[in-house]
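> Following this message is one structure expressed as structure tokens.
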4 protein chains.
Amino acid sequence: MTMTPQPSGAIPDRSIYERRESGVRSYARSMPRQFGKAAGVWMHDNRGGRYLDFLSGCSTLNYGHNHPILKQALLDYIGGDGIAHGLDLHTDAKAAFLETYEALILKPRGLDYRAMFTGPTGTNAVEAAIKLARKVTGREMVVAFTNGFHGMTLGALACTGNAAKRGGAGVPLSHVSHEPYDGYHGPEVDTADLLAQRLADPSSGLDAPAAILVETVQGEGGLNTASPEWLRRIAALAKAHGALLIVDDIQAGCGRTGSFFSFEGMGFTPDIVTQAKSLSGMGLPFALTLFRPEFDQWSPGEHNGTFRGNNHAFVTATAALRHFWSDGAFTADIARRGDLLAARLDAMAAEHGFETRGRGMMRGINVGSGELADAVTAACFDAGLIIETSGAHGEVIKILAPLIIDDALLAGGLDILETSLREAMADDFAVAAE
Amino acid sequence: MTMTPQPSGAIPDRSIYERRESGVRSYARSMPRQFGKAAGVWMHDNRGGRYLDFLSGCSTLNYGHNHPILKQALLDYIGGDGIAHGLDLHTDAKAAFLETYEALILKPRGLDYRAMFTGPTGTNAVEAAIKLARKVTGREMVVAFTNGFHGMTLGALACTGNAAKRGGAGVPLSHVSHEPYDGYHGPEVDTADLLAQRLADPSSGLDAPAAILVETVQGEGGLNTASPEWLRRIAALAKAHGALLIVDDIQAGCGRTGSFFSFEGMGFTPDIVTQAKSLSGMGLPFALTLFRPEFDQWSPGEHNGTFRGNNHAFVTATAALRHFWSDGAFTADIARRGDLLAARLDAMAAEHGFETRGRGMMRGINVGSGELADAVTAACFDAGLIIETSGAHGEVIKILAPLIIDDALLAGGLDILETSLREAMADDFAVAAE
Amino acid sequence: MTMTPQPSGAIPDRSIYERRESGVRSYARSMPRQFGKAAGVWMHDNRGGRYLDFLSGCSTLNYGHNHPILKQALLDYIGGDGIAHGLDLHTDAKAAFLETYEALILKPRGLDYRAMFTGPTGTNAVEAAIKLARKVTGREMVVAFTNGFHGMTLGALACTGNAAKRGGAGVPLSHVSHEPYDGYHGPEVDTADLLAQRLADPSSGLDAPAAILVETVQGEGGLNTASPEWLRRIAALAKAHGALLIVDDIQAGCGRTGSFFSFEGMGFTPDIVTQAKSLSGMGLPFALTLFRPEFDQWSPGEHNGTFRGNNHAFVTATAALRHFWSDGAFTADIARRGDLLAARLDAMAAEHGFETRGRGMMRGINVGSGELADAVTAACFDAGLIIETSGAHGEVIKILAPLIIDDALLAGGLDILETSLREAMADDFAVAAE
Amino acid sequence: MTMTPQPSGAIPDRSIYERRESGVRSYARSMPRQFGKAAGVWMHDNRGGRYLDFLSGCSTLNYGHNHPILKQALLDYIGGDGIAHGLDLHTDAKAAFLETYEALILKPRGLDYRAMFTGPTGTNAVEAAIKLARKVTGREMVVAFTNGFHGMTLGALACTGNAAKRGGAGVPLSHVSHEPYDGYHGPEVDTADLLAQRLADPSSGLDAPAAILVETVQGEGGLNTASPEWLRRIAALAKAHGALLIVDDIQAGCGRTGSFFSFEGMGFTPDIVTQAKSLSGMGLPFALTLFRPEFDQWSPGEHNGTFRGNNHAFVTATAALRHFWSDGAFTADIARRGDLLAARLDAMAAEHGFETRGRGMMRGINVGSGELADAVTAACFDAGLIIETSGAHGEVIKILAPLIIDDALLAGGLDILETSLREAMADDFAVAAE
């Protein structure tokens, strides 16, 4: 494997960004290059550098960049003057997507959901989900969890745990109670029991919830994973207390944890599911809120958005479903790669006394401090590997490689991580020894 | 002009929508066709029908469908493996957009703004705008206006006037005061005076606002227009009371009212501007929040979103800016067509005793009742014209033709409207006479 | 009339207040004396000073201080070990109050209300009123008015207009819309029309209200008075839109405007009425929320409070009702004194080009600036007259003399005011001429 | 001991209550008598019945009804035309109270607090406390606890746990997070640890709090007691995270748990303390918010209320402080009676397999069901003992006897309870055996 990253330092001319782009930009700070082309697992900067992508647009590019089959489908569609924008009108592209989704995703899994195309961002899908749960139940409170991340518009942000993100609201965030996630208080405390007690107690101060909103793996929150047992308890609590169970599968879905939905085979069925990120397959803006037909109680247009139902995304999403989800080959690949990833991370963690997190191809190492994690990922970047951190303090190095990555390239990227981690630890030791 | 709409009635097989798409869908109900291709001003259904588009995706397709120059730029980009998704990383496509926007839009107009690429929907741009205003001022209240429409996520929805949309929230919408828009209380009452009095009075109950959020023409609210004098008063009030002035230019911008920004030449400069809809030029999801550099007080990542900075949209937006906004030709075209449109609508209104609304190529007729407006637009659709309504009761027939429409086609579409309106009035008269 | 005020300056030893009483105290600042006894219209300080009371505890002492009949009733009750505190148990004192209130207040006026004894402060009565309206209607929004004052606990404070008071909340105050009061926008603008338009418009942004909460005269807000016509419009709007009409009669009731309720004879009947201040007659904490029987939809204990149903107050209130409200004599006295007051204030206003405000024995002069008003009331205090200001800027000198004041004493107090005002104006002129 | 309760059944004529008093009344339902006189530990109905009071106005009458020394002080004051109502003016009565409170309460305990007289109800004192904490810290969130009870106005109600009370708000209750109280999750879970973790975690979703609001014993919530260790942890957490510690001592204070403040001797000092209920000593409305001088950051009048500073209550409170708190005799009496009470309750609990709760003279038995508790208290009432329940399900029989009760009378009342409980258990057994 050869990577040719540019030497570190600023790109030759970034003055347009300084002059005209808001300081809110973030990834461009730790990866100060200007990128141009990208294909498969590789990103290319404008000075000949090439980088292996272990970030995948935060799990938006599970099938890699510009996958040739998806790309061709889109080129054909655009070239043939396929409708790009049609509000929520029926289109050939939408019909094909719905039929494919029904045939390849819903029916094989015995799921009966209606699809709502919200504005094409994850936060819009979450807003729609909690609106619907509130409408269906006539209640206002939503139970979300510590370290959950659900988006940045006010309704979804209220469900998000991160204090810096929450603080950006500029108004108090209400109508949400953040309860401890699985394992939050350590192995001795069963947080499902804590929630069960509070929900059952009319004087707990926790109002009867409209919904319980949960991620099966917390992508932004530090790759914390919930056990199937815990999730079944949460599902049962929702049902017992008249709340809808919403699984936010935006980051963990579309194969990232091994199956199309991250909750498959766990013995419960969510009432509402949100999807976005890798759903279009090619990184195009696209979001979807699924719900049981009996909860499809919207009035026409009660929730809308100009870009709902992105037709380009319908085309690439349909192509992706057909290519990757028609049989079990892709799932087998993810399982194999996930095991490879797990074994390598476990070894690194064991070497340094750290712990690993996550499942499937959504894993990381908790190195205990954001400073150390930043040092490691910076060294990786210098070596040509794009990789990021996660968690409340950015203390978890997060590997979100494209799911289609060749096993050898996966191993090659992990070599870089291993080396960078080892060197950072040595530096740390050196500093500590002074 | 020849249109070949399909006969009215359901499309042959819509069962996939009934089975799998949420009942929240709306436009598909009044236009029950399945569309496939679209080019310029024309949309084509899957049975050979062709329709003239006077809706333009609610002003998202100001340059028409699949404009050949934009289309080619996008095909070239995709074909060359241009990065589709890069979070907020620097990309060649983003740099080109920023440079073009600076050169063709900001500099010629003497504007100094920073650009923030929010999640690619209008509502996300509005959420960012009000977050920023709250952060900058340390205040919470936002002044919005009667009949304003700003989006469907909770922060933007609180600024939206429509009761049915608001009711979908399922929680009370707070921290916003809806003040009367220009002309709301009739010609005798200067609503800027009313607002001035309330802002100046420490016992009015109107808390000191973080922002005043206004559309210069209310696209969804019934094509109400604010006069330059009134807008200058509002701008001055914002300044005097330490609030930021936000112009939501999502529907009225990008040439719809005649100039790139709807507020050009009015003698005031907003502190924050939101754009979306036609900004990408080809209907791709894209949104932008502009603000004065001194208000660029975001922390890195304080507001983010997976699909912020849609690279495909950067490409088409850049092509659109270069093609349409390099000289004054397009503006002159819009002015001429707007006059043509105004003259025809005035004549129709005079014939039936109605009143017209709007400015530029964003105009309509208030026919006094949603039922009548629906009857007229349904008849138009049967004759091959896609056209919609607006206003609190859907009582305003709204013409949002592509700005690039040939003058003769514009006239032809208006002929259909004229005839449909005349016949609906005759029916009404017949009913009334019974 | 002889008053013997103490010379201005601090009382000999106020160190206990400096050491131990919070800086939130306010009246003690403009009236730096320590008071001991009080009887009728007179207050006495601890150094032999005597002051005529034109404040009456902000209309809490309409029958003067320690009225002998009320005082004797209370002494007898306490001396006989009458229950002082009984939560909401039935007591002889409560039964007597309810029977007297029914016989002397409700029946003669054709009113059918249920009585709820809330915690014994006005703000608690308002909280109960808006809770009940929200419960009955299932709605959340309350319409209140500019310059309204309804209390300081969070629910009532949200209905209060004053920015300084609102700011004390430390959280945003929600679920209330402040609409312009009668005459707020000058004589040309009918504010009932404005409200009617907003309530009828589904896109006005004003959510359907649970209640409209109004004072007939705004005691704290500057003695603004609503006309009977305007109040009838408001009552009709409430009814038409399914909202309950709440009259907050805490300051204006109990005879202050001439009749027991301030809305008598105006041609409408509130759904809910709040009372407090002078209801006990002797200044004891007491509050009452009245509502139509069909709205008595509380569950037992759904709203409660330790001191609800203050038995000492039942005793004095019953005595006051029997003594003052058994026949029309008291009403005639108030009318005569109110006319005297009006005539004198009109003359003062005319002399200086000011305007008068209020009705009955609840009147004032708007002198245009809080500084001037403060200078006048300070001079009055030095001359032995206790008098205060009102309004958004404290610009209204407010006369709230005991209703039982002897006509000559009323005239004597007004002489002091007239002189003080004249001198302050001369000083002002002198300053201006420098 | 002889009690002469009236036979069960309705009082002869309760029609005035049915006609005119709101259905919100609660205690009058379980104790359907009309009371007239009361002295010491006895209440008398209007038909000759006499009842031993084990409720004491929910701890408002710690010194019994109409204590002769307090009564005489009040009679003297009223007889001498002492000012009853003076807003927040300085009065002889207020000065005497402040001086006595400083000398007998603050100084001996080494406490340095400023006193704020709020509207004379507990809920108003709590509203003032949380307003002040929000003002001082500039934060909005308040941490309260499961089963906490703090009042019924919206600000205090948001801090209250009980769902039925909360539901009465009719609007969502915001800006408060209800965390588990000491022991809430059983002996294995240290809830201070849970809170510590959430406060330290920037992604827990728990916003930085303005205050932590806690009762040392939860009077309404079921007599749950917090250990000194736990309270010290909470105090330390507040300090570490920049929040103010508010102890709501309204029910547990004034000697109920054995000392004047319920937190004495526990090794921490609250930043703010609220008092009401027994503070006046004679059941008169009175409330007090204490805070450290450095937090006395109110503007004059920023929080006010007509009946703040009830002069009658100043008089009786001063007399009570002097009589009961000048030396240690009263404290010794409470300790002895508390031990007697504890021993008897422990024996009852042991007999039936129940558990006891509380400390000092604030104790009860958790009988496991509200139905059983109601049956027991109803039987007690029939036998002449006034006693009530507490807890989320009303499952705790609560003994709040006057602190001045003669030991023999205390034993006599407990005999009634013991017998009633035994009989109810036998009935239960009989029912169960059928």
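In the structure tokens, chains take the letters A, B, ... in the order shown, each chain's residues start at 1, and ligands count up from 1 in the order shown.
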Give me the residues near Ile334 of chain B as a PDB file with N, CA and C atoms, in the first residue's frame, where near means some atom within 10 Å (using only C-alpha atoms) and where sequence neighbours in that chain fewer than 2 positions away do not count.

```
ATOM      1  N   GLY B 255     -32.789  35.828  -7.880  1.00  0.00           N
ATOM      2  CA  GLY B 255     -33.383  36.411  -9.071  1.00  0.00           C
ATOM      3  C   GLY B 255     -34.895  36.414  -9.106  1.00  0.00           C
ATOM      4  N   ARG B 256     -35.529  35.718  -8.209  1.00  0.00           N
ATOM      5  CA  ARG B 256     -36.993  35.579  -8.281  1.00  0.00           C
ATOM      6  C   ARG B 256     -37.703  36.931  -8.307  1.00  0.00           C
ATOM      7  N   THR B 257     -37.224  37.890  -7.514  1.00  0.00           N
ATOM      8  CA  THR B 257     -37.892  39.197  -7.498  1.00  0.00           C
ATOM      9  C   THR B 257     -37.222  40.188  -8.449  1.00  0.00           C
ATOM     10  N   GLY B 258     -36.201  39.733  -9.189  1.00  0.00           N
ATOM     11  CA  GLY B 258     -35.581  40.599 -10.173  1.00  0.00           C
ATOM     12  C   GLY B 258     -34.093  40.778  -9.996  1.00  0.00           C
ATOM     13  N   SER B 259     -33.628  40.674  -8.756  1.00  0.00           N
ATOM     14  CA  SER B 259     -32.194  40.808  -8.479  1.00  0.00           C
ATOM     15  C   SER B 259     -31.733  39.574  -7.704  1.00  0.00           C
ATOM     16  N   ALA B 329     -27.696  40.807 -18.273  1.00  0.00           N
ATOM     17  CA  ALA B 329     -28.689  40.346 -19.244  1.00  0.00           C
ATOM     18  C   ALA B 329     -29.852  39.618 -18.575  1.00  0.00           C
ATOM     19  N   PHE B 330     -29.497  38.765 -17.623  1.00  0.00           N
ATOM     20  CA  PHE B 330     -30.537  37.957 -16.971  1.00  0.00           C
ATOM     21  C   PHE B 330     -31.499  38.847 -16.194  1.00  0.00           C
ATOM     22  N   THR B 331     -30.928  39.820 -15.507  1.00  0.00           N
ATOM     23  CA  THR B 331     -31.763  40.744 -14.746  1.00  0.00           C
ATOM     24  C   THR B 331     -32.741  41.477 -15.663  1.00  0.00           C
ATOM     25  N   ALA B 332     -32.260  41.859 -16.810  1.00  0.00           N
ATOM     26  CA  ALA B 332     -33.142  42.548 -17.760  1.00  0.00           C
ATOM     27  C   ALA B 332     -34.257  41.620 -18.238  1.00  0.00           C
ATOM     28  N   ARG B 336     -38.313  42.211 -17.734  1.00  0.00           N
ATOM     29  CA  ARG B 336     -39.285  42.227 -18.840  1.00  0.00           C
ATOM     30  C   ARG B 336     -40.400  41.200 -18.609  1.00  0.00           C
ATOM     31  N   ARG B 337     -39.980  40.000 -18.213  1.00  0.00           N
ATOM     32  CA  ARG B 337     -40.998  38.963 -17.987  1.00  0.00           C
ATOM     33  C   ARG B 337     -41.878  39.297 -16.782  1.00  0.00           C
ATOM     34  N   GLY B 338     -41.268  39.897 -15.783  1.00  0.00           N
ATOM     35  CA  GLY B 338     -42.061  40.288 -14.626  1.00  0.00           C
ATOM     36  C   GLY B 338     -43.122  41.314 -15.001  1.00  0.00           C
ATOM     37  N   ASP B 339     -42.762  42.218 -15.882  1.00  0.00           N
ATOM     38  CA  ASP B 339     -43.742  43.216 -16.312  1.00  0.00           C
ATOM     39  C   ASP B 339     -44.869  42.558 -17.103  1.00  0.00           C
ATOM     40  N   LEU B 340     -44.461  41.645 -17.981  1.00  0.00           N
ATOM     41  CA  LEU B 340     -45.469  40.912 -18.754  1.00  0.00           C
ATOM     42  C   LEU B 340     -46.427  40.179 -17.809  1.00  0.00           C
ATOM     43  N   GLY B 360     -41.686  41.265  -9.236  1.00  0.00           N
ATOM     44  CA  GLY B 360     -40.781  40.522 -10.109  1.00  0.00           C
ATOM     45  C   GLY B 360     -41.502  39.338 -10.729  1.00  0.00           C
ATOM     46  N   MET B 361     -40.849  38.195 -10.684  1.00  0.00           N
ATOM     47  CA  MET B 361     -41.452  36.974 -11.209  1.00  0.00           C
ATOM     48  C   MET B 361     -42.046  36.128 -10.078  1.00  0.00           C
ATOM     49  N   PRO B 402     -40.289  29.297 -14.182  1.00  0.00           N
ATOM     50  CA  PRO B 402     -38.839  29.436 -14.300  1.00  0.00           C
ATOM     51  C   PRO B 402     -38.507  30.821 -14.844  1.00  0.00           C
ATOM     52  N   LEU B 403     -37.439  31.398 -14.311  1.00  0.00           N
ATOM     53  CA  LEU B 403     -37.080  32.758 -14.747  1.00  0.00           C
ATOM     54  C   LEU B 403     -36.597  32.760 -16.195  1.00  0.00           C
ATOM     55  N   ILE B 404     -36.177  31.605 -16.693  1.00  0.00           N
ATOM     56  CA  ILE B 404     -35.636  31.511 -18.052  1.00  0.00           C
ATOM     57  C   ILE B 404     -36.728  31.235 -19.087  1.00  0.00           C
ATOM     58  N   ILE B 405     -37.940  31.275 -18.660  1.00  0.00           N
ATOM     59  CA  ILE B 405     -39.035  30.923 -19.569  1.00  0.00           C
ATOM     60  C   ILE B 405     -39.079  31.885 -20.759  1.00  0.00           C
TER      61      ILE B 405
END
```
> Mind checking which residues fall within 12 Å of Gly221 of chain A, counting only C-alpha atoms, ignoring those fewer than 6 positions away in the same chain, and posting them as number ranges by chain?
A: 145-150, 160-163, 181, 184, 214-215, 251, 357-358, 364, 366, 389-398; D: 201-205
> Produce a file of the selected residues containing N, CA, C and O atoms, as a CSV table (one decimal), in the first residue's frame.

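New file selection16.csv:
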```csv
chain,number,residue,atom,x,y,z
A,145,PHE,N,-30.7,9.6,25.6
A,145,PHE,CA,-29.7,9.0,26.5
A,145,PHE,C,-28.4,9.9,26.5
A,145,PHE,O,-28.1,10.6,25.6
A,146,THR,N,-27.7,9.7,27.6
A,146,THR,CA,-26.4,10.3,27.8
A,146,THR,C,-25.6,9.9,26.6
A,146,THR,O,-25.6,8.8,26.0
A,147,ASN,N,-24.8,10.9,26.1
A,147,ASN,CA,-23.9,10.7,25.0
A,147,ASN,C,-24.6,10.5,23.7
A,147,ASN,O,-23.9,10.2,22.7
A,148,GLY,N,-25.9,10.6,23.6
A,148,GLY,CA,-26.6,10.5,22.4
A,148,GLY,C,-26.3,11.7,21.5
A,148,GLY,O,-26.1,12.8,21.9
A,149,PHE,N,-26.3,11.4,20.1
A,149,PHE,CA,-26.2,12.5,19.2
A,149,PHE,C,-27.3,12.4,18.1
A,149,PHE,O,-27.4,11.3,17.5
A,150,HIS,N,-28.1,13.4,17.9
A,150,HIS,CA,-29.2,13.2,17.0
A,150,HIS,C,-29.4,14.4,16.1
A,150,HIS,O,-30.3,14.4,15.3
A,160,THR,N,-29.8,15.7,22.0
A,160,THR,CA,-28.4,15.5,21.9
A,160,THR,C,-27.7,15.8,23.3
A,160,THR,O,-28.1,16.7,23.9
A,161,GLY,N,-26.8,15.0,23.7
A,161,GLY,CA,-26.2,15.1,25.0
A,161,GLY,C,-25.1,16.2,25.1
A,161,GLY,O,-24.9,16.8,26.1
A,162,ASN,N,-24.3,16.3,24.0
A,162,ASN,CA,-23.1,17.1,24.1
A,162,ASN,C,-23.3,18.6,24.5
A,162,ASN,O,-24.1,19.3,23.8
A,163,ALA,N,-22.6,19.0,25.5
A,163,ALA,CA,-22.9,20.3,26.1
A,163,ALA,C,-22.5,21.4,25.2
A,163,ALA,O,-23.2,22.5,25.1
A,181,TYR,N,-27.4,5.7,29.5
A,181,TYR,CA,-27.3,4.7,28.4
A,181,TYR,C,-26.8,3.3,29.0
A,181,TYR,O,-26.3,3.3,30.2
A,184,TYR,N,-23.7,3.1,31.3
A,184,TYR,CA,-23.2,4.4,31.6
A,184,TYR,C,-22.6,4.5,33.1
A,184,TYR,O,-21.6,5.2,33.3
A,214,VAL,N,-33.2,6.1,20.8
A,214,VAL,CA,-31.9,5.5,21.2
A,214,VAL,C,-31.1,5.1,19.9
A,214,VAL,O,-31.7,4.8,18.9
A,215,GLU,N,-29.8,5.1,20.1
A,215,GLU,CA,-28.9,4.6,19.1
A,215,GLU,C,-28.4,3.2,19.6
A,215,GLU,O,-28.1,3.1,20.8
A,251,GLN,N,-26.2,6.7,11.8
A,251,GLN,CA,-24.8,6.4,11.7
A,251,GLN,C,-24.5,4.9,11.7
A,251,GLN,O,-23.7,4.4,11.0
A,357,ARG,N,-14.1,-0.4,21.8
A,357,ARG,CA,-15.5,-0.1,21.8
A,357,ARG,C,-16.1,-0.5,20.5
A,357,ARG,O,-15.4,-0.6,19.5
A,358,GLY,N,-17.4,-0.6,20.4
A,358,GLY,CA,-18.1,-0.7,19.2
A,358,GLY,C,-18.4,-2.2,18.7
A,358,GLY,O,-18.0,-3.1,19.4
A,364,GLY,N,-13.6,1.3,17.8
A,364,GLY,CA,-12.6,2.3,18.2
A,364,GLY,C,-11.8,1.9,19.4
A,364,GLY,O,-12.1,0.8,20.0
A,366,ASN,N,-10.6,3.5,23.1
A,366,ASN,CA,-10.6,4.6,24.1
A,366,ASN,C,-9.2,4.7,24.7
A,366,ASN,O,-8.8,3.9,25.5
A,389,THR,N,-11.8,11.2,15.9
A,389,THR,CA,-12.1,10.8,17.2
A,389,THR,C,-13.6,11.0,17.5
A,389,THR,O,-14.3,11.6,16.8
A,390,SER,N,-14.0,10.5,18.7
A,390,SER,CA,-15.4,10.5,19.1
A,390,SER,C,-15.4,10.6,20.6
A,390,SER,O,-14.3,10.4,21.3
A,391,GLY,N,-16.6,10.7,21.2
A,391,GLY,CA,-16.7,10.7,22.7
A,391,GLY,C,-16.8,12.1,23.3
A,391,GLY,O,-16.5,13.1,22.6
A,392,ALA,N,-17.2,12.1,24.5
A,392,ALA,CA,-17.4,13.3,25.2
A,392,ALA,C,-16.2,14.2,25.2
A,392,ALA,O,-16.3,15.4,25.2
A,393,HIS,N,-15.0,13.6,25.4
A,393,HIS,CA,-13.8,14.3,25.4
A,393,HIS,C,-12.9,14.1,24.2
A,393,HIS,O,-11.7,14.4,24.2
A,394,GLY,N,-13.5,13.5,23.1
A,394,GLY,CA,-12.7,13.1,22.0
A,394,GLY,C,-11.7,12.1,22.2
A,394,GLY,O,-10.7,12.0,21.6
A,395,GLU,N,-11.9,11.2,23.2
A,395,GLU,CA,-10.9,10.3,23.7
A,395,GLU,C,-11.0,8.9,23.0
A,395,GLU,O,-10.1,8.1,23.3
A,396,VAL,N,-11.9,8.8,22.1
A,396,VAL,CA,-12.0,7.5,21.4
A,396,VAL,C,-11.6,7.6,20.0
A,396,VAL,O,-12.1,8.5,19.2
A,397,ILE,N,-10.5,6.9,19.6
A,397,ILE,CA,-10.1,6.9,18.1
A,397,ILE,C,-11.1,6.0,17.4
A,397,ILE,O,-11.3,4.8,17.8
A,398,LYS,N,-11.7,6.5,16.4
A,398,LYS,CA,-12.9,5.9,15.7
A,398,LYS,C,-12.5,5.4,14.4
A,398,LYS,O,-12.0,6.2,13.6
D,201,ASP,N,-19.7,14.9,33.2
D,201,ASP,CA,-19.7,14.4,31.8
D,201,ASP,C,-20.3,15.5,30.9
D,201,ASP,O,-21.5,15.7,30.9
D,202,PRO,N,-19.5,16.1,30.0
D,202,PRO,CA,-20.0,17.1,29.1
D,202,PRO,C,-21.0,16.6,28.1
D,202,PRO,O,-21.5,17.4,27.3
D,203,SER,N,-21.1,15.3,28.0
D,203,SER,CA,-22.1,14.8,27.0
D,203,SER,C,-23.2,14.0,27.7
D,203,SER,O,-23.9,13.2,27.1
D,204,SER,N,-23.5,14.3,29.0
D,204,SER,CA,-24.5,13.6,29.7
D,204,SER,C,-25.9,14.2,29.3
D,204,SER,O,-26.9,13.5,29.6
D,205,GLY,N,-25.9,15.3,28.7
D,205,GLY,CA,-27.2,16.0,28.4
D,205,GLY,C,-27.8,16.8,29.6
D,205,GLY,O,-28.8,17.4,29.5
```
> List the neighbours of Ile69 of chain C out to 10 Å using only C-alpha atoms; skip same-chain residues closer than 5 positions along the sequence, and give me the result as number ranges by chain.
C: 74-75, 316, 319-320, 323
> When you get a sec, could you note down which chain C residues fall within 12 Å of chain A, using only C-alpha atoms, as a ChimeraX atom specification?
/C:138,170-174
> Give me the residues near Met348 of chain C as a list in words, where near means some atom within 7 Å (using only C-alpha atoms) and where sequence neighbours in that chain fewer than 4 positions away do not count.
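Contacts, in chain order: Arg344, His352 and Glu418 of chain C.
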> Using N, CA, C and O atoms, can you export the residues from the last selection as an mmCIF file, in the first residue's frame?

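Below is the file that was written, again.cif:
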```cif
data_model
loop_
_atom_site.group_PDB
_atom_site.id
_atom_site.type_symbol
_atom_site.label_atom_id
_atom_site.label_comp_id
_atom_site.auth_asym_id
_atom_site.auth_seq_id
_atom_site.Cartn_x
_atom_site.Cartn_y
_atom_site.Cartn_z
ATOM 1 N N ARG C 344 -60.074 67.369 40.997
ATOM 2 C CA ARG C 344 -58.816 67.965 41.448
ATOM 3 C C ARG C 344 -57.654 67.583 40.520
ATOM 4 O O ARG C 344 -56.817 68.405 40.159
ATOM 5 N N HIS C 352 -50.709 72.076 34.139
ATOM 6 C CA HIS C 352 -49.354 71.786 33.661
ATOM 7 C C HIS C 352 -49.311 71.108 32.301
ATOM 8 O O HIS C 352 -48.236 70.744 31.827
ATOM 9 N N GLU C 418 -50.817 68.885 45.013
ATOM 10 C CA GLU C 418 -50.881 70.032 44.110
ATOM 11 C C GLU C 418 -49.672 70.952 44.328
ATOM 12 O O GLU C 418 -49.017 71.389 43.372
#
```
> With distances taken over only C-alpha atoms, which of B:Lys37, B:Glu140, B:Leu199, B:Lys239 is nearest to Ala93 of chain A?
B:Lys37
> List as a ChimeraX atom specification the protein and nucleic acid residues near segment 225-238 of chain B, meaning an atom at most 9 Å away when only C-alpha atoms are counted, but skip any in the same chain fewer than 5 places from it.
/B:181-183,190-193,195-196,199,209-212,214-218,243-245,263,265-270,357-359
> Write out as a list in words the set of residues from segment 134-239 of chain B that DSSP, computed on the backbone, places in strand (DSSP E or B).
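Strand (DSSP E or B) members of segment 134-239 of chain B, listed: Met141, Val142, Val143, Ala144, Phe145, Val176, Ser177, His178, Glu179, Pro209, Ala210, Ala211, Ile212, Leu213, Val214, Val217, Gln218, Asn224 and Thr225 of chain B.
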